[in-house]
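**Q** Pasting a structure here, questions to come.
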Amino acid sequence: MGKFREKLQRFMIGRYGMDQLNQFLLYAVLAVILINLFVRVWPLEVLELAGIVFLYFRMFSRNISKRYQENQAFLRMSFRVREPLKKWQFRFRESRQYHIYKCPSCGQKIRIPRGRGRVSIHCPKCGTDFIKKS
């Protein structure tokens with residue numbers, strides 16, 4: 001097993017290998033394979049084959065700068081999708097422990113722990129005091 005691993009490592013020297021785009025492609029191809037198990041349609045088989053070929057092409061490519069640029073473009077695109085989801089998840093987790101109130105005069109958001117009853121809230125931005133139930 002050690003000799004095979006050593007030969008594989010020597011083969012991969014100077015090649016691009018796996019990155020986030022390849023991982024996404026791998027999961028996408030696996031999803032298409034699973035769908036094709038239940039719905040036998042020839043376009044899905046073509047999509048499977050094309051995905052696998054493209055995946056291996058990127059992995060064994062020696063044009064590292066081009067593959068790096070492709071991965072960076074993918075990361076920029078995926079950031080636009082992942083960031084709103086992370087914000088939504090954070091707000092959901094925070095909503096279990098805190099109430100978010102807006103100051104009636106300046107609109108500043110203020111976070112107050114839940115379960116404290118009626119509390120007097122002092123706005124740190126404008127200094128206004130107002131009472132809310134937490």
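Identifiers in the structure tokens: chain A, B, ... in order shown; residue index from 1 per chain; ligand index from 1 in order shown.
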List the spatial neighbours of A:Pro124 as a compact mmCIF listing (two decimals) with N, CA and C atoms, in the first residue's frame - criterion: any atom at most 10 Å away, only C-alpha atoms, same-chain residues fewer than 4 positions off excluded.

**A**
```txt
# COMPACT_ATOMS: atom_id res chain seq x y z
N CYS A 103 -34.65 51.57 18.61
CA CYS A 103 -34.86 52.81 19.36
C CYS A 103 -35.92 53.63 18.62
N GLN A 108 -31.69 52.80 16.13
CA GLN A 108 -30.59 51.89 16.49
C GLN A 108 -31.15 50.56 17.00
N LYS A 109 -30.58 49.44 16.53
CA LYS A 109 -31.01 48.13 17.01
C LYS A 109 -30.33 47.84 18.34
N ILE A 110 -31.13 47.35 19.30
CA ILE A 110 -30.62 47.05 20.64
C ILE A 110 -31.04 45.63 20.99
N THR A 128 -31.81 57.89 24.46
CA THR A 128 -33.24 57.81 24.76
C THR A 128 -33.52 56.60 25.64
N ASP A 129 -34.41 56.74 26.60
CA ASP A 129 -34.86 55.64 27.44
C ASP A 129 -36.27 55.25 27.02
```

**Q** Any chance you could tabulate, as JSON lines, the residues of stretch 5-106 of chain A at most 12 Å from stretch 116-123 of chain A with each one's nearest atom pair and distance in Å to one decimal, using only C-alpha atoms, in chain and rising number order?

**A**
```
{"residue": "A:Gln97", "atom": "CA", "partner": "A:Arg116", "partner_atom": "CA", "distance": 11.1}
{"residue": "A:Tyr98", "atom": "CA", "partner": "A:Arg116", "partner_atom": "CA", "distance": 10.2}
{"residue": "A:His99", "atom": "CA", "partner": "A:Arg116", "partner_atom": "CA", "distance": 10.5}
{"residue": "A:Ile100", "atom": "CA", "partner": "A:Ile121", "partner_atom": "CA", "distance": 11.3}
{"residue": "A:Tyr101", "atom": "CA", "partner": "A:Ile121", "partner_atom": "CA", "distance": 9.2}
{"residue": "A:Lys102", "atom": "CA", "partner": "A:Cys123", "partner_atom": "CA", "distance": 9.0}
{"residue": "A:Cys103", "atom": "CA", "partner": "A:Cys123", "partner_atom": "CA", "distance": 6.5}
{"residue": "A:Pro104", "atom": "CA", "partner": "A:Cys123", "partner_atom": "CA", "distance": 9.4}
{"residue": "A:Ser105", "atom": "CA", "partner": "A:Cys123", "partner_atom": "CA", "distance": 9.2}
{"residue": "A:Cys106", "atom": "CA", "partner": "A:Cys123", "partner_atom": "CA", "distance": 8.8}
```

**Q** Within 9 Å of A:Asp19, counting only C-alpha atoms, which residues qualify if same-chain residues fewer than 4 places away don't, as a list in words?

**A**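 After dropping sequence-adjacent residues, the list is Gln23, Phe24, Met59, Tyr68 and Asn71 of chain A.
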
**Q** Have a look at atom CA of A:Arg82 and atom CA of A:Val46 and let me know their distance in Å, one decimal.

**A**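 So the two atoms, atom CA of A:Arg82 and atom CA of A:Val46, lie 29.1 Å apart.
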
**Q** Could you please write out, as a ChimeraX atom specification, every residue of chain A that DSSP assigns to strand (DSSP E)?

**A** /A:98-102,109-113,118-122,129-133

**Q** Would you list the contacts of A:Tyr56 as a VMD selection string, taking every protein, DNA or RNA residue within 10 Å and counting only C-alpha atoms, but skipping same-chain residues closer than 6 positions in sequence?

**A** chain A and resid 17 to 18 22 26

**Q** Record the distance separating atom CA of A:Ala28 and atom CA of A:Ser61, expressed in Å with one decimal.

**A**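 That distance, rounded to one decimal, is 20.1 Å.
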
**Q** Can you list every residue in stretch 53-113 of chain A that DSSP puts in helix (DSSP H, G or I), as a PyMOL selection string?

**A** chain A and resi 53-59+64-97

**Q** Keeping only C-alpha atoms, write the selected residues to a file as an mmCIF file, in the first residue's frame.

**A**
```cif
data_model
loop_
_atom_site.group_PDB
_atom_site.id
_atom_site.type_symbol
_atom_site.label_atom_id
_atom_site.label_comp_id
_atom_site.auth_asym_id
_atom_site.auth_seq_id
_atom_site.Cartn_x
_atom_site.Cartn_y
_atom_site.Cartn_z
ATOM 1 C CA VAL A 53 -14.715 13.907 -16.966
ATOM 2 C CA PHE A 54 -14.647 17.609 -16.028
ATOM 3 C CA LEU A 55 -13.893 16.728 -12.393
ATOM 4 C CA TYR A 56 -10.884 14.599 -13.346
ATOM 5 C CA PHE A 57 -9.774 17.155 -15.946
ATOM 6 C CA ARG A 58 -9.608 19.868 -13.268
ATOM 7 C CA MET A 59 -7.978 17.562 -10.723
ATOM 8 C CA ILE A 64 -2.636 25.645 -11.890
ATOM 9 C CA SER A 65 -3.185 29.394 -12.374
ATOM 10 C CA LYS A 66 -6.264 28.839 -14.571
ATOM 11 C CA ARG A 67 -7.785 26.308 -12.134
ATOM 12 C CA TYR A 68 -7.069 28.719 -9.258
ATOM 13 C CA GLN A 69 -8.918 31.517 -11.086
ATOM 14 C CA GLU A 70 -11.888 29.209 -11.716
ATOM 15 C CA ASN A 71 -11.984 28.284 -8.029
ATOM 16 C CA GLN A 72 -11.833 31.947 -6.967
ATOM 17 C CA ALA A 73 -14.738 32.793 -9.295
ATOM 18 C CA PHE A 74 -16.715 29.901 -7.785
ATOM 19 C CA LEU A 75 -15.938 31.078 -4.240
ATOM 20 C CA ARG A 76 -17.084 34.634 -5.078
ATOM 21 C CA MET A 77 -20.340 33.278 -6.505
ATOM 22 C CA SER A 78 -20.948 30.893 -3.634
ATOM 23 C CA PHE A 79 -20.232 33.660 -1.106
ATOM 24 C CA ARG A 80 -23.279 35.537 -2.407
ATOM 25 C CA VAL A 81 -25.385 32.470 -1.594
ATOM 26 C CA ARG A 82 -23.731 31.378 1.656
ATOM 27 C CA GLU A 83 -23.538 34.771 3.371
ATOM 28 C CA PRO A 84 -27.320 35.501 3.486
ATOM 29 C CA LEU A 85 -27.879 31.941 4.732
ATOM 30 C CA LYS A 86 -25.324 32.449 7.510
ATOM 31 C CA LYS A 87 -26.986 35.740 8.494
ATOM 32 C CA TRP A 88 -30.404 34.085 8.587
ATOM 33 C CA GLN A 89 -29.033 31.215 10.687
ATOM 34 C CA PHE A 90 -27.371 33.682 13.107
ATOM 35 C CA ARG A 91 -30.592 35.690 13.481
ATOM 36 C CA PHE A 92 -32.556 32.503 14.133
ATOM 37 C CA ARG A 93 -30.122 31.365 16.853
ATOM 38 C CA GLU A 94 -30.061 34.821 18.426
ATOM 39 C CA SER A 95 -33.865 35.122 18.389
ATOM 40 C CA ARG A 96 -34.102 32.238 20.866
ATOM 41 C CA GLN A 97 -32.046 34.077 23.476
#
```

**Q** Show me, as a PyMOL selection string, the residues that have an atom within 12 Å of A:Leu47 when counting only C-alpha atoms, minus same-chain residues fewer than 2 positions from it.

**A** chain A and resi 25+28-33+35-36+41-45+49-55

**Q** Would you save the residues from that selection as a tab-separated table (two decimals), in the first residue's frame, using C-alpha atoms?

**A**
```
chain	number	residue	atom	x	y	z
A	25	LEU	CA	-18.75	19.14	-8.59
A	28	ALA	CA	-23.32	17.44	-7.69
A	29	VAL	CA	-22.29	14.38	-9.73
A	30	LEU	CA	-23.17	12.09	-6.82
A	31	ALA	CA	-26.58	13.75	-6.56
A	32	VAL	CA	-27.17	13.25	-10.30
A	33	ILE	CA	-26.13	9.60	-9.96
A	35	ILE	CA	-31.40	10.77	-9.08
A	36	ASN	CA	-30.55	8.65	-12.11
A	41	VAL	CA	-33.15	9.12	-18.38
A	42	TRP	CA	-30.28	9.29	-20.88
A	43	PRO	CA	-29.58	13.05	-20.47
A	44	LEU	CA	-28.76	12.40	-16.82
A	45	GLU	CA	-26.30	9.70	-17.84
A	49	LEU	CA	-20.24	11.33	-17.57
A	50	ALA	CA	-19.54	14.98	-18.42
A	51	GLY	CA	-19.32	15.88	-14.73
A	52	ILE	CA	-16.90	13.06	-13.97
A	53	VAL	CA	-14.72	13.91	-16.97
A	54	PHE	CA	-14.65	17.61	-16.03
A	55	LEU	CA	-13.89	16.73	-12.39
```

**Q** State, in Å with one decimal place, the distance from atom CA of A:Tyr16 to atom CA of A:Arg62.

**A**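 Spanning atom CA of A:Tyr16 to atom CA of A:Arg62 is a straight-line distance of 6.1 Å.
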